Amino acid sequence: MAITLNINSKDETIEAAAGTPLLWVLRDHLKMTGTKFGCGVAQCGACTVHVDGAPKRACITPHDSLENAKITTIEGLAGTAADAIRETWVGNDVPQCGYCQSGQILAATALLSEKPKPSDADINAAMSGNICRCATYMSIRRAIKQAAEKL
Amino acid sequence: MFLEDIGIIPSRGKEPLQTENSRSVINLTRRGFIAGTGLFVVGVTLAGCSSYEEPIVDPDSLDIPEAGPSPLTEVQGGDATPALWISIEEDGTIKITCHRSEMGQQVWTAMAQIIADELDADWENIEIVQAEGHERYGDQNTDGSRSVRYNFHRLRLAGAAMKQMLVSAAALYWKIDPSQCSAALGKVSNNEDSDTLSYASLAKVAAKLQVPTEADIVMKEPKDWLFINKEIPSVTVPKITKGEGQYGIDVHVPDMVYAVVARPPQVFGGTGSVKDAKALAVPGVLQMVKLPDAKPPAMFQALGGVAVVGVDTWAAIQGRNALEIEWLDGSNASYDSENFRRAMEASTERSGTVRRSRGNVGTALAAADQTISAQYYAPHLSQSPMEPPAATARWTGDKLECWACVQDPQRTRQTLSDLLKIDKKNITVHATWLGGAFGRKSKPDFVVEAALIAKEVGKPVKVTWTREDEVRHGFYHSASAQRLEAGLDITGKCNAYLHRTVFPTIGSTFTAGIDTPSDGEMSMGAIDVPFAVPHLQIESGSAKAHLRIGWLRSVANIYHAFAVQSFAAEMAHAAGRDQKDYLLELIGESRLVDPNAEGASYSNYGGSVEEYPIDTARLARVTERAAQMADWGRKLPDGHGLGIAVHRSFLAYVATVIEVKVAADGALTIPGIWLAVDAGTVINLRHTRAQMEGGTLYGLSNALYGEITARNGTVVQDNFPSWRVMRMDEAPRDFEVEIIPSNSPPAGVGEPPTPPAAPALANAIFNATGKRFRNLPLMGANRSKLDISANASS
């Protein structure tokens, strides 16, 4: 049965099996591949999206639980915090392979939206759910702090 | 549209570079050009300019001499013919072909830096084209930290040759001698007046000119480099921050369906009876495809099992969960990694095959004033790139087209040809971006799966590996046991050194039953030991493989450097000496070490020993520099310790000092890391530093947590966190990198930071706690603290 989801401020009609996680609806049905698959069990953060502004793991979130929600993915992420994060991400060349970085950017933007001047402990708490195998962690921490300075 | 984009993945295109840094680099470049030539270009806006007012010069309007074949097809590194690498479009875009796979090491940026520098291109007009897998590019195997080493010379030649041809084209047009012209920033100037012609306007003429010979090509002096050895920003990062990067798992082609595979739990296990009624009842599941059982040797065969095909990846996964399969035991059914570990450890107590020998180590050990010995163990590891393996295959008649995150599209093409018995000319392999690789994606078994399934289904198929698949069905880093023994004289100086190493060889993946380490593996940190010890012997033992053994970032260097550099610190302790001072004494006076003079078959990463000798002066220099950076010898708070390790791998020299803080309960933090690297000529300073950080943390993640074990031939771990990796809160607080300036030929940078990480950490923990850890991992999946109790097994 078709349902409507609001993704990046656009209504999308979805026809997927009941319970299909948002991740696969985005990637396979809508061809929005910026949101990544990393583990499927909410352990790595590669699939992070915002649901009503808060970070959420798309790999374990049934798409049909989100009918009244506003979903934001890396493709639609915008605003002052997002701009600052993108600018310092580029300025520091934070990503290496880049695969986890959609999730990292979504998580970091949510952090700065909530806490514009995060401490190291805040950064650890907000970002430790996002694995980066290239281990860009120190660059991420540096870029979040620089972005906070800009806000 | 997506489809067209895959083969030629556009880079940032002609968007202006977005950082302050990049602008300053480009501006400096321009000032340098203007000051250097005394020219002012009036009336042309350079910034962001990609199309020029001049018309395209028509070759037919000029008297162009007939051109012969390119004389650059077989220079060092392969074919340097400019047209293979550079395409100058009418709108000013300069397309540079990158034949190596982009996996985060920033090879797109590096290859473009090399070509653009000699071409004197305007960096803002550069666009990268990813090459498909084809012999015409020469080696495309993006592993072994050698993309720059293999291609630096020929890509410089290609860029410089192209520039000379553009200059010659301008000279023909102006009817002057080429010596009266000069090129910079994508334009050729007539030195006699203020005329300029853009590369775009000259490209059609240049394409008809004779390619110069290597002897006639003038390349820049290093002091004139504009992009090489500079902090050039990545060409991929701006796209990444918008989610626009296209990885293997992101490929979409029309009418595509999605598959996951249920594989036999054991390597060379078989598929028995399959009950698929429940699976077929899952909404969205389309069909099952039974794959042939794999037979030894593994090579890059598909592992067999049953593919579940669905309308989306989720349906396929759900279908797989509902499958009922009776798996058949195979030849590895009894493999238990704990038992195997004990057998390997026992074999290190027996003499092995001598792989290098100097003096008489047996006699010298017997005569020593003090002998020490130690045994080290390191487990299997999984590469676990964040993007798991994924591949898409499409058949059109007897033609096969594949898109995949592969480190070597050429080997992928050959493998498909061999295993599917089709002519290579009917196979196209497109390399996408790789979401990390670390060695996993140079094994194209997953592309073979996609091709087999797509053939059966009759539609394009994308195969996605879940994380469980990646962790449980890998090509694992080999487990290893080692024993080292040293004889010290009365002053504590090492007089005799014996190293035995035992591990299943990567060769077993390609030759069934082989159980002896190859010269290449022994050349990674064992037989190349640089110690100035009068009596020295390196031996290897035998061990059969029961999993697919493959290479992982820095390969055998990981366990060899862990044992050798830990043992160096153990010798220092036994001698009552400082770790760093003792290490420098072991390295000894400045000299070139030649293992082959002592009975070794040393492979030197395929590099010549003339060009890339084992140079102890360079080893000592990075060791001293890292120690200085860390302020080695400073007074440390209680519970803190500094540890040092140095290792040469992939022809680069890296020394690492790690500071640890270990609380009374064993809680570990890493306040700082200091690393000095000498990798010869470095292309990108910023990205080299990033590799040093990332490669070190990759090594620390493995050392602290990484462990793949097997019972009944089946891998125990399945996903994060049972396969545990480092996270943000566990990363060091500070990391300082120094790149030693060097005019030596380029060496590797992707892998060399990894080997010294684990021993520097273990040595630091010893200095902090007095506890020597000889077995990896230090914590594993379940511990949150080090076990520093005196009676704990180390």
# chains A, B, ... in the order shown; residues from 1 in each chain; ligands from 1
$ interface_residues --of "chain B" --to "chain A" --cutoff "6 Å" --atoms "only C-alpha atoms" --output "ChimeraX atom specification"
/B:19,103-104,240,242-243,250,312,386,435-436,467,694,727-729
$ write_last_selection --atoms "all heavy atoms" --output "mmCIF file, in the first residue's frame"
data_model
loop_
_atom_site.group_PDB
_atom_site.id
_atom_site.type_symbol
_atom_site.label_atom_id
_atom_site.label_comp_id
_atom_site.auth_asym_id
_atom_site.auth_seq_id
_atom_site.Cartn_x
_atom_site.Cartn_y
_atom_site.Cartn_z
ATOM 1 N N THR B 19 37.744 26.433 -0.624
ATOM 2 C CA THR B 19 38.384 26.756 0.644
ATOM 3 C C THR B 19 39.349 27.911 0.485
ATOM 4 O O THR B 19 39.837 28.203 -0.590
ATOM 5 C CB THR B 19 39.182 25.555 1.161
ATOM 6 O OG1 THR B 19 40.283 25.374 0.276
ATOM 7 C CG2 THR B 19 38.351 24.309 1.190
ATOM 8 N N MET B 103 39.964 5.382 -3.071
ATOM 9 C CA MET B 103 39.394 4.720 -1.889
ATOM 10 C C MET B 103 39.663 5.512 -0.626
ATOM 11 O O MET B 103 39.657 4.965 0.473
ATOM 12 C CB MET B 103 39.924 3.283 -1.781
ATOM 13 C CG MET B 103 41.424 3.158 -1.870
ATOM 14 S SD MET B 103 41.872 1.442 -2.262
ATOM 15 C CE MET B 103 43.638 1.484 -1.999
ATOM 16 N N GLY B 104 39.924 6.810 -0.804
ATOM 17 C CA GLY B 104 40.133 7.655 0.364
ATOM 18 C C GLY B 104 41.568 8.095 0.513
ATOM 19 O O GLY B 104 41.881 8.980 1.297
ATOM 20 N N ILE B 240 31.493 14.735 -1.558
ATOM 21 C CA ILE B 240 31.190 13.858 -0.423
ATOM 22 C C ILE B 240 30.300 14.575 0.588
ATOM 23 O O ILE B 240 29.355 13.992 1.124
ATOM 24 C CB ILE B 240 32.505 13.368 0.236
ATOM 25 C CG1 ILE B 240 33.208 12.355 -0.673
ATOM 26 C CG2 ILE B 240 32.235 12.766 1.625
ATOM 27 C CD1 ILE B 240 34.636 12.030 -0.262
ATOM 28 N N LYS B 242 28.077 16.589 0.162
ATOM 29 C CA LYS B 242 26.686 16.725 -0.304
ATOM 30 C C LYS B 242 26.038 15.360 -0.562
ATOM 31 O O LYS B 242 24.930 15.281 -1.090
ATOM 32 C CB LYS B 242 26.653 17.579 -1.582
ATOM 33 C CG LYS B 242 26.972 19.051 -1.294
ATOM 34 C CD LYS B 242 27.018 19.878 -2.568
ATOM 35 C CE LYS B 242 28.446 20.019 -3.035
ATOM 36 N NZ LYS B 242 28.613 20.743 -4.292
ATOM 37 N N GLY B 243 26.765 14.307 -0.243
ATOM 38 C CA GLY B 243 26.209 12.966 -0.456
ATOM 39 C C GLY B 243 26.205 12.560 -1.913
ATOM 40 O O GLY B 243 25.444 11.691 -2.324
ATOM 41 N N ASP B 250 26.179 2.101 -4.607
ATOM 42 C CA ASP B 250 25.201 3.108 -5.041
ATOM 43 C C ASP B 250 24.776 2.947 -6.494
ATOM 44 O O ASP B 250 23.924 3.695 -6.981
ATOM 45 C CB ASP B 250 25.795 4.517 -4.880
ATOM 46 C CG ASP B 250 26.112 4.860 -3.440
ATOM 47 O OD1 ASP B 250 25.478 4.277 -2.536
ATOM 48 O OD2 ASP B 250 27.002 5.708 -3.224
ATOM 49 N N ASP B 312 14.009 -5.168 -3.773
ATOM 50 C CA ASP B 312 14.931 -4.246 -3.134
ATOM 51 C C ASP B 312 15.844 -5.058 -2.211
ATOM 52 O O ASP B 312 15.651 -6.273 -2.038
ATOM 53 C CB ASP B 312 14.208 -3.091 -2.399
ATOM 54 C CG ASP B 312 13.236 -3.575 -1.331
ATOM 55 O OD1 ASP B 312 13.452 -4.681 -0.775
ATOM 56 O OD2 ASP B 312 12.269 -2.856 -1.030
ATOM 57 N N MET B 386 34.109 0.623 5.432
ATOM 58 C CA MET B 386 32.728 0.992 5.799
ATOM 59 C C MET B 386 31.733 0.596 4.719
ATOM 60 O O MET B 386 30.598 0.239 5.015
ATOM 61 C CB MET B 386 32.629 2.495 6.094
ATOM 62 C CG MET B 386 33.147 2.890 7.473
ATOM 63 S SD MET B 386 32.566 1.842 8.817
ATOM 64 C CE MET B 386 30.821 2.225 8.823
ATOM 65 N N GLY B 435 34.276 2.860 -0.913
ATOM 66 C CA GLY B 435 34.057 3.339 0.462
ATOM 67 C C GLY B 435 35.006 2.630 1.399
ATOM 68 O O GLY B 435 34.614 1.826 2.228
ATOM 69 N N GLY B 436 36.289 2.917 1.229
ATOM 70 C CA GLY B 436 37.340 2.188 1.946
ATOM 71 C C GLY B 436 37.578 0.857 1.264
ATOM 72 O O GLY B 436 36.755 0.374 0.472
ATOM 73 N N ARG B 467 26.997 -6.447 6.472
ATOM 74 C CA ARG B 467 28.184 -6.431 7.327
ATOM 75 C C ARG B 467 28.497 -7.837 7.826
ATOM 76 O O ARG B 467 29.649 -8.252 7.906
ATOM 77 C CB ARG B 467 27.973 -5.469 8.508
ATOM 78 C CG ARG B 467 29.175 -5.361 9.456
ATOM 79 C CD ARG B 467 30.433 -4.858 8.760
ATOM 80 N NE ARG B 467 30.225 -3.569 8.133
ATOM 81 C CZ ARG B 467 31.066 -3.018 7.247
ATOM 82 N NH1 ARG B 467 32.184 -3.639 6.904
ATOM 83 N NH2 ARG B 467 30.787 -1.865 6.698
ATOM 84 N N GLY B 694 45.246 8.292 9.900
ATOM 85 C CA GLY B 694 44.290 7.209 9.692
ATOM 86 C C GLY B 694 44.952 5.840 9.747
ATOM 87 O O GLY B 694 44.404 4.898 10.327
ATOM 88 N N ARG B 727 36.327 3.856 17.913
ATOM 89 C CA ARG B 727 35.320 4.910 17.753
ATOM 90 C C ARG B 727 35.885 6.253 18.224
ATOM 91 O O ARG B 727 36.957 6.317 18.817
ATOM 92 C CB ARG B 727 34.061 4.559 18.559
ATOM 93 C CG ARG B 727 33.327 3.349 18.002
ATOM 94 C CD ARG B 727 32.211 2.876 18.942
ATOM 95 N NE ARG B 727 31.530 1.702 18.397
ATOM 96 C CZ ARG B 727 30.478 1.760 17.581
ATOM 97 N NH1 ARG B 727 29.990 2.926 17.205
ATOM 98 N NH2 ARG B 727 29.918 0.649 17.129
ATOM 99 N N MET B 728 35.090 7.283 18.007
ATOM 100 C CA MET B 728 35.507 8.657 18.322
ATOM 101 C C MET B 728 36.049 8.815 19.746
ATOM 102 O O MET B 728 37.093 9.414 19.960
ATOM 103 C CB MET B 728 34.312 9.592 18.096
ATOM 104 C CG MET B 728 34.493 10.998 18.605
ATOM 105 S SD MET B 728 35.770 11.909 17.722
ATOM 106 C CE MET B 728 34.803 12.627 16.392
ATOM 107 N N ASP B 729 35.322 8.252 20.725
ATOM 108 C CA ASP B 729 35.720 8.497 22.126
ATOM 109 C C ASP B 729 37.003 7.739 22.488
ATOM 110 O O ASP B 729 37.585 7.991 23.543
ATOM 111 C CB ASP B 729 34.582 8.128 23.088
ATOM 112 C CG ASP B 729 34.123 6.691 22.922
ATOM 113 O OD1 ASP B 729 34.352 6.102 21.850
ATOM 114 O OD2 ASP B 729 33.529 6.151 23.875
#
$ residues_around --residues "Val274 in chain B" --least-positions-apart "3" --cutoff "8 Å" --atoms "only C-alpha atoms" --output "number ranges by chain"
B: 271, 323-326
$ write_last_selection --atoms "N, CA and C atoms" --output "PDB file, in the first residue's frame"
ATOM      1  N   THR B 271      26.642 -26.685  -0.319  1.00  0.00           N
ATOM      2  CA  THR B 271      25.229 -26.415  -0.124  1.00  0.00           C
ATOM      3  C   THR B 271      24.460 -27.715  -0.337  1.00  0.00           C
ATOM      4  N   LEU B 323      15.267 -18.535   4.448  1.00  0.00           N
ATOM      5  CA  LEU B 323      15.746 -19.732   3.745  1.00  0.00           C
ATOM      6  C   LEU B 323      16.125 -20.824   4.736  1.00  0.00           C
ATOM      7  N   GLU B 324      15.850 -22.060   4.390  1.00  0.00           N
ATOM      8  CA  GLU B 324      16.319 -23.183   5.210  1.00  0.00           C
ATOM      9  C   GLU B 324      17.294 -23.993   4.369  1.00  0.00           C
ATOM     10  N   ILE B 325      18.554 -23.952   4.775  1.00  0.00           N
ATOM     11  CA  ILE B 325      19.599 -24.611   3.981  1.00  0.00           C
ATOM     12  C   ILE B 325      20.367 -25.595   4.857  1.00  0.00           C
ATOM     13  N   GLU B 326      20.578 -26.766   4.340  1.00  0.00           N
ATOM     14  CA  GLU B 326      21.447 -27.721   5.021  1.00  0.00           C
ATOM     15  C   GLU B 326      22.852 -27.553   4.443  1.00  0.00           C
TER      16      GLU B 326
END
$ residues_around --residues "range 440-446 of chain B" --least-positions-apart "5" --cutoff "8 Å" --atoms "only C-alpha atoms" --output "compact mmCIF listing (two decimals) with all heavy atoms, in the first residue's frame"
# COMPACT_ATOMS: atom_id res chain seq x y z
N ASN B 141 46.40 -2.13 -10.21
CA ASN B 141 46.15 -2.79 -8.93
C ASN B 141 46.43 -1.82 -7.78
O ASN B 141 47.57 -1.65 -7.36
CB ASN B 141 47.05 -4.02 -8.82
CG ASN B 141 46.80 -4.81 -7.57
OD1 ASN B 141 45.81 -4.58 -6.88
ND2 ASN B 141 47.69 -5.73 -7.26
N THR B 142 45.37 -1.21 -7.28
CA THR B 142 45.52 -0.16 -6.29
C THR B 142 45.70 -0.77 -4.91
O THR B 142 44.83 -0.72 -4.06
CB THR B 142 44.31 0.79 -6.34
OG1 THR B 142 44.00 1.07 -7.70
CG2 THR B 142 44.62 2.09 -5.62
N ASP B 143 46.83 -1.42 -4.72
CA ASP B 143 47.25 -1.81 -3.39
C ASP B 143 48.77 -1.80 -3.35
O ASP B 143 49.42 -1.46 -4.34
CB ASP B 143 46.64 -3.13 -2.92
CG ASP B 143 47.10 -4.32 -3.73
OD1 ASP B 143 48.11 -4.22 -4.43
OD2 ASP B 143 46.45 -5.38 -3.64
N PHE B 300 39.65 -16.20 -6.56
CA PHE B 300 38.59 -15.19 -6.38
C PHE B 300 37.23 -15.75 -6.78
O PHE B 300 36.34 -15.03 -7.22
CB PHE B 300 38.91 -13.93 -7.18
CG PHE B 300 40.23 -13.32 -6.81
CD1 PHE B 300 41.18 -13.03 -7.77
CD2 PHE B 300 40.52 -13.05 -5.48
CE1 PHE B 300 42.41 -12.48 -7.42
CE2 PHE B 300 41.75 -12.49 -5.11
CZ PHE B 300 42.69 -12.21 -6.08
N GLN B 301 37.08 -17.09 -6.62
CA GLN B 301 35.79 -17.71 -6.90
C GLN B 301 34.72 -17.14 -5.99
O GLN B 301 34.99 -16.74 -4.86
CB GLN B 301 35.84 -19.20 -6.57
CG GLN B 301 36.67 -20.07 -7.45
CD GLN B 301 36.75 -21.46 -6.84
OE1 GLN B 301 35.88 -22.29 -7.03
NE2 GLN B 301 37.81 -21.70 -6.10
N ALA B 302 33.47 -17.20 -6.45
CA ALA B 302 32.34 -17.02 -5.54
C ALA B 302 32.36 -18.18 -4.55
O ALA B 302 32.81 -19.28 -4.89
CB ALA B 302 31.05 -16.99 -6.33
N LEU B 303 31.88 -17.93 -3.34
CA LEU B 303 31.96 -18.95 -2.30
C LEU B 303 30.85 -19.99 -2.38
O LEU B 303 30.82 -20.92 -1.58
CB LEU B 303 31.93 -18.29 -0.92
CG LEU B 303 33.27 -17.70 -0.45
CD1 LEU B 303 33.06 -16.91 0.84
CD2 LEU B 303 34.31 -18.79 -0.24
N GLN B 383 39.31 -6.70 7.09
CA GLN B 383 39.57 -5.34 6.61
C GLN B 383 38.44 -4.39 6.99
O GLN B 383 38.67 -3.25 7.36
CB GLN B 383 39.75 -5.33 5.08
CG GLN B 383 40.94 -6.11 4.57
CD GLN B 383 40.60 -7.58 4.33
OE1 GLN B 383 39.51 -8.05 4.63
NE2 GLN B 383 41.56 -8.30 3.78
N SER B 384 37.22 -4.84 6.81
CA SER B 384 36.02 -4.09 7.16
C SER B 384 36.02 -2.63 6.72
O SER B 384 35.93 -1.72 7.54
CB SER B 384 35.77 -4.17 8.67
OG SER B 384 35.41 -5.47 9.01
N PRO B 385 36.11 -2.39 5.41
CA PRO B 385 35.84 -1.03 4.94
C PRO B 385 34.39 -0.67 5.26
O PRO B 385 33.54 -1.57 5.35
CB PRO B 385 36.06 -1.14 3.42
CG PRO B 385 35.83 -2.58 3.10
CD PRO B 385 36.30 -3.34 4.32
N PRO B 389 31.55 -5.02 0.39
CA PRO B 389 31.62 -5.33 -1.04
C PRO B 389 30.24 -5.23 -1.70
O PRO B 389 29.24 -5.64 -1.10
CB PRO B 389 32.14 -6.77 -1.05
CG PRO B 389 32.91 -6.91 0.23
CD PRO B 389 32.15 -6.08 1.22
N ALA B 390 30.20 -4.72 -2.90
CA ALA B 390 28.95 -4.61 -3.66
C ALA B 390 29.30 -4.51 -5.13
O ALA B 390 30.28 -3.86 -5.49
CB ALA B 390 28.15 -3.38 -3.23
N ALA B 391 28.51 -5.16 -5.95
CA ALA B 391 28.80 -5.15 -7.38
C ALA B 391 27.51 -5.29 -8.17
O ALA B 391 26.58 -5.97 -7.74
CB ALA B 391 29.75 -6.30 -7.75
N CYS B 405 33.08 -1.61 -6.67
CA CYS B 405 34.10 -0.93 -5.87
C CYS B 405 35.33 -1.84 -5.79
O CYS B 405 35.58 -2.47 -4.77
CB CYS B 405 33.55 -0.63 -4.48
SG CYS B 405 32.65 -1.99 -3.71
N VAL B 406 36.08 -1.90 -6.89
CA VAL B 406 37.23 -2.81 -6.93
C VAL B 406 38.55 -2.03 -6.96
O VAL B 406 38.66 -1.02 -7.62
CB VAL B 406 37.16 -3.76 -8.14
CG1 VAL B 406 36.13 -4.85 -7.89
CG2 VAL B 406 36.84 -3.02 -9.44
N GLN B 407 39.53 -2.58 -6.26
CA GLN B 407 40.85 -1.98 -6.24
C GLN B 407 41.61 -2.26 -7.53
O GLN B 407 42.59 -1.58 -7.82
CB GLN B 407 41.66 -2.51 -5.04
CG GLN B 407 41.20 -1.94 -3.70
CD GLN B 407 41.91 -2.59 -2.53
OE1 GLN B 407 41.34 -3.45 -1.86
NE2 GLN B 407 43.14 -2.19 -2.24
N ASP B 408 41.19 -3.28 -8.26
CA ASP B 408 41.91 -3.63 -9.48
C ASP B 408 40.92 -4.06 -10.56
O ASP B 408 40.63 -5.26 -10.72
CB ASP B 408 42.91 -4.76 -9.18
CG ASP B 408 43.84 -5.02 -10.36
OD1 ASP B 408 43.60 -4.46 -11.45
OD2 ASP B 408 44.80 -5.79 -10.19
N ARG B 411 42.28 -6.85 -12.91
CA ARG B 411 42.25 -8.21 -12.38
C ARG B 411 40.81 -8.71 -12.31
O ARG B 411 40.53 -9.90 -12.53
CB ARG B 411 42.89 -8.24 -10.98
CG ARG B 411 42.84 -9.62 -10.35
CD ARG B 411 43.24 -9.57 -8.89
NE ARG B 411 44.68 -9.45 -8.74
CZ ARG B 411 45.26 -8.91 -7.67
NH1 ARG B 411 44.54 -8.44 -6.69
NH2 ARG B 411 46.57 -8.85 -7.58
N THR B 412 39.89 -7.82 -12.01
CA THR B 412 38.48 -8.19 -11.97
C THR B 412 38.05 -8.72 -13.34
O THR B 412 37.39 -9.75 -13.45
CB THR B 412 37.64 -6.97 -11.58
OG1 THR B 412 38.11 -6.46 -10.33
CG2 THR B 412 36.16 -7.32 -11.47
N THR B 415 39.59 -12.09 -13.99
CA THR B 415 38.93 -13.11 -13.17
C THR B 415 37.59 -13.50 -13.77
O THR B 415 37.25 -14.69 -13.85
CB THR B 415 38.74 -12.58 -11.73
OG1 THR B 415 40.01 -12.28 -11.18
CG2 THR B 415 38.02 -13.59 -10.86
N VAL B 463 24.57 -7.14 -6.28
CA VAL B 463 24.80 -7.95 -5.08
C VAL B 463 25.37 -7.06 -4.00
O VAL B 463 26.36 -6.37 -4.22
CB VAL B 463 25.80 -9.09 -5.37
CG1 VAL B 463 26.19 -9.80 -4.06
CG2 VAL B 463 25.20 -10.09 -6.33
N GLY B 474 35.34 -13.31 4.78
CA GLY B 474 36.39 -12.45 4.24
C GLY B 474 37.59 -13.19 3.69
O GLY B 474 37.64 -14.42 3.62
N PHE B 475 38.55 -12.38 3.27
CA PHE B 475 39.91 -12.85 3.00
C PHE B 475 40.74 -12.28 4.14
O PHE B 475 41.14 -11.12 4.12
CB PHE B 475 40.43 -12.30 1.67
CG PHE B 475 39.80 -12.89 0.45
CD1 PHE B 475 38.58 -12.44 -0.03
CD2 PHE B 475 40.46 -13.91 -0.25
CE1 PHE B 475 38.02 -12.98 -1.18
CE2 PHE B 475 39.90 -14.45 -1.40
CZ PHE B 475 38.68 -13.99 -1.86
N GLY B 550 44.08 -13.31 3.08
CA GLY B 550 44.31 -12.22 2.13
C GLY B 550 45.15 -11.12 2.74
O GLY B 550 45.65 -11.26 3.85
N TRP B 551 45.30 -10.07 1.98
CA TRP B 551 46.12 -8.97 2.48
C TRP B 551 45.24 -7.89 3.06
O TRP B 551 44.13 -7.64 2.60
CB TRP B 551 47.06 -8.44 1.39
CG TRP B 551 46.44 -8.22 0.04
CD1 TRP B 551 46.02 -7.04 -0.48
CD2 TRP B 551 46.17 -9.22 -0.96
NE1 TRP B 551 45.52 -7.22 -1.73
CE2 TRP B 551 45.59 -8.54 -2.06
CE3 TRP B 551 46.35 -10.59 -1.04
CZ2 TRP B 551 45.19 -9.21 -3.23
CZ3 TRP B 551 45.94 -11.26 -2.20
CH2 TRP B 551 45.38 -10.57 -3.27
N LEU B 552 45.76 -7.26 4.10
CA LEU B 552 45.08 -6.17 4.81
C LEU B 552 46.13 -5.09 5.03
O LEU B 552 47.30 -5.41 5.31
CB LEU B 552 44.53 -6.72 6.13
CG LEU B 552 43.93 -5.75 7.15
CD1 LEU B 552 42.81 -6.45 7.92
CD2 LEU B 552 44.96 -5.23 8.14
$ residues_around --residues "Ala69 in chain A" --least-positions-apart "2" --cutoff "8 Å" --atoms "only C-alpha atoms" --output "number ranges by chain"
A: 5-6, 51-52, 66-67, 71
$ closest_residue --among "A:Leu22, A:Leu106, A:Leu151, A:Cys47" --to "Ala81 in chain A" --atoms "only C-alpha atoms"
A:Leu151
$ atom_distance --atom1 "CA of Gly699 in chain B" --atom2 "CA of Ala655 in chain B"
13.6 Å
$ select_by_dssp --residues "chain A" --states "strand (DSSP E)" --output "ChimeraX atom specification"
/A:3-7,10-14,48-51,54-57,70-72
$ write_last_selection --atoms "N, CA and C atoms" --output "short mmCIF file (atom, residue, chain, number, x, y, z; two decimals), in the first residue's frame"
data_model
loop_
_atom_site.label_atom_id
_atom_site.label_comp_id
_atom_site.auth_asym_id
_atom_site.auth_seq_id
_atom_site.Cartn_x
_atom_site.Cartn_y
_atom_site.Cartn_z
N ILE A 3 2.26 4.85 0.69
CA ILE A 3 2.15 5.89 1.71
C ILE A 3 2.98 7.09 1.26
N THR A 4 2.76 8.21 1.93
CA THR A 4 3.48 9.42 1.58
C THR A 4 4.46 9.78 2.69
N LEU A 5 5.68 10.04 2.31
CA LEU A 5 6.69 10.48 3.27
C LEU A 5 7.19 11.85 2.85
N ASN A 6 7.45 12.68 3.86
CA ASN A 6 8.01 14.00 3.57
C ASN A 6 9.52 13.94 3.73
N ILE A 7 10.20 13.97 2.61
CA ILE A 7 11.66 13.82 2.62
C ILE A 7 12.27 15.07 2.00
N LYS A 10 9.86 17.47 0.57
CA LYS A 10 9.12 17.07 -0.62
C LYS A 10 8.32 15.82 -0.29
N ASP A 11 7.07 15.77 -0.72
CA ASP A 11 6.25 14.58 -0.48
C ASP A 11 6.60 13.51 -1.51
N GLU A 12 6.89 12.34 -1.02
CA GLU A 12 7.26 11.23 -1.90
C GLU A 12 6.27 10.08 -1.68
N THR A 13 5.79 9.52 -2.74
CA THR A 13 4.90 8.37 -2.63
C THR A 13 5.74 7.10 -2.67
N ILE A 14 5.53 6.28 -1.64
CA ILE A 14 6.37 5.09 -1.49
C ILE A 14 5.51 3.84 -1.59
N THR A 48 22.69 7.51 9.15
CA THR A 48 22.03 8.55 9.95
C THR A 48 21.26 9.55 9.07
N VAL A 49 20.01 9.78 9.43
CA VAL A 49 19.20 10.85 8.83
C VAL A 49 18.64 11.69 9.98
N HIS A 50 17.98 12.77 9.67
CA HIS A 50 17.25 13.50 10.70
C HIS A 50 15.76 13.21 10.55
N VAL A 51 15.14 12.89 11.66
CA VAL A 51 13.68 12.79 11.70
C VAL A 51 13.21 13.87 12.65
N ALA A 54 16.09 15.41 14.64
CA ALA A 54 16.94 14.60 15.52
C ALA A 54 17.57 13.46 14.74
N PRO A 55 18.83 13.10 15.06
CA PRO A 55 19.46 12.01 14.31
C PRO A 55 18.78 10.67 14.56
N LYS A 56 18.65 9.90 13.50
CA LYS A 56 17.94 8.61 13.59
C LYS A 56 18.65 7.63 12.66
N ARG A 57 18.70 6.35 13.05
CA ARG A 57 19.32 5.34 12.20
C ARG A 57 18.30 4.80 11.22
N LYS A 70 9.06 14.76 9.45
CA LYS A 70 9.87 15.44 8.44
C LYS A 70 11.24 14.77 8.41
N ILE A 71 11.55 14.20 7.28
CA ILE A 71 12.80 13.45 7.15
C ILE A 71 13.81 14.30 6.36
N THR A 72 15.03 14.36 6.87
CA THR A 72 16.08 15.09 6.16
C THR A 72 17.26 14.16 5.93
#
$ residues_around --residues "range 505-516 of chain B" --least-positions-apart "6" --cutoff "7 Å" --atoms "only C-alpha atoms" --output "PyMOL selection string"
chain B and resi 296-299+541-545+548-550
$ select_by_dssp --residues "range 709-781 of chain B" --states "helix (DSSP H, G or I)" --output "ChimeraX atom specification"
/B:728-730,754-769
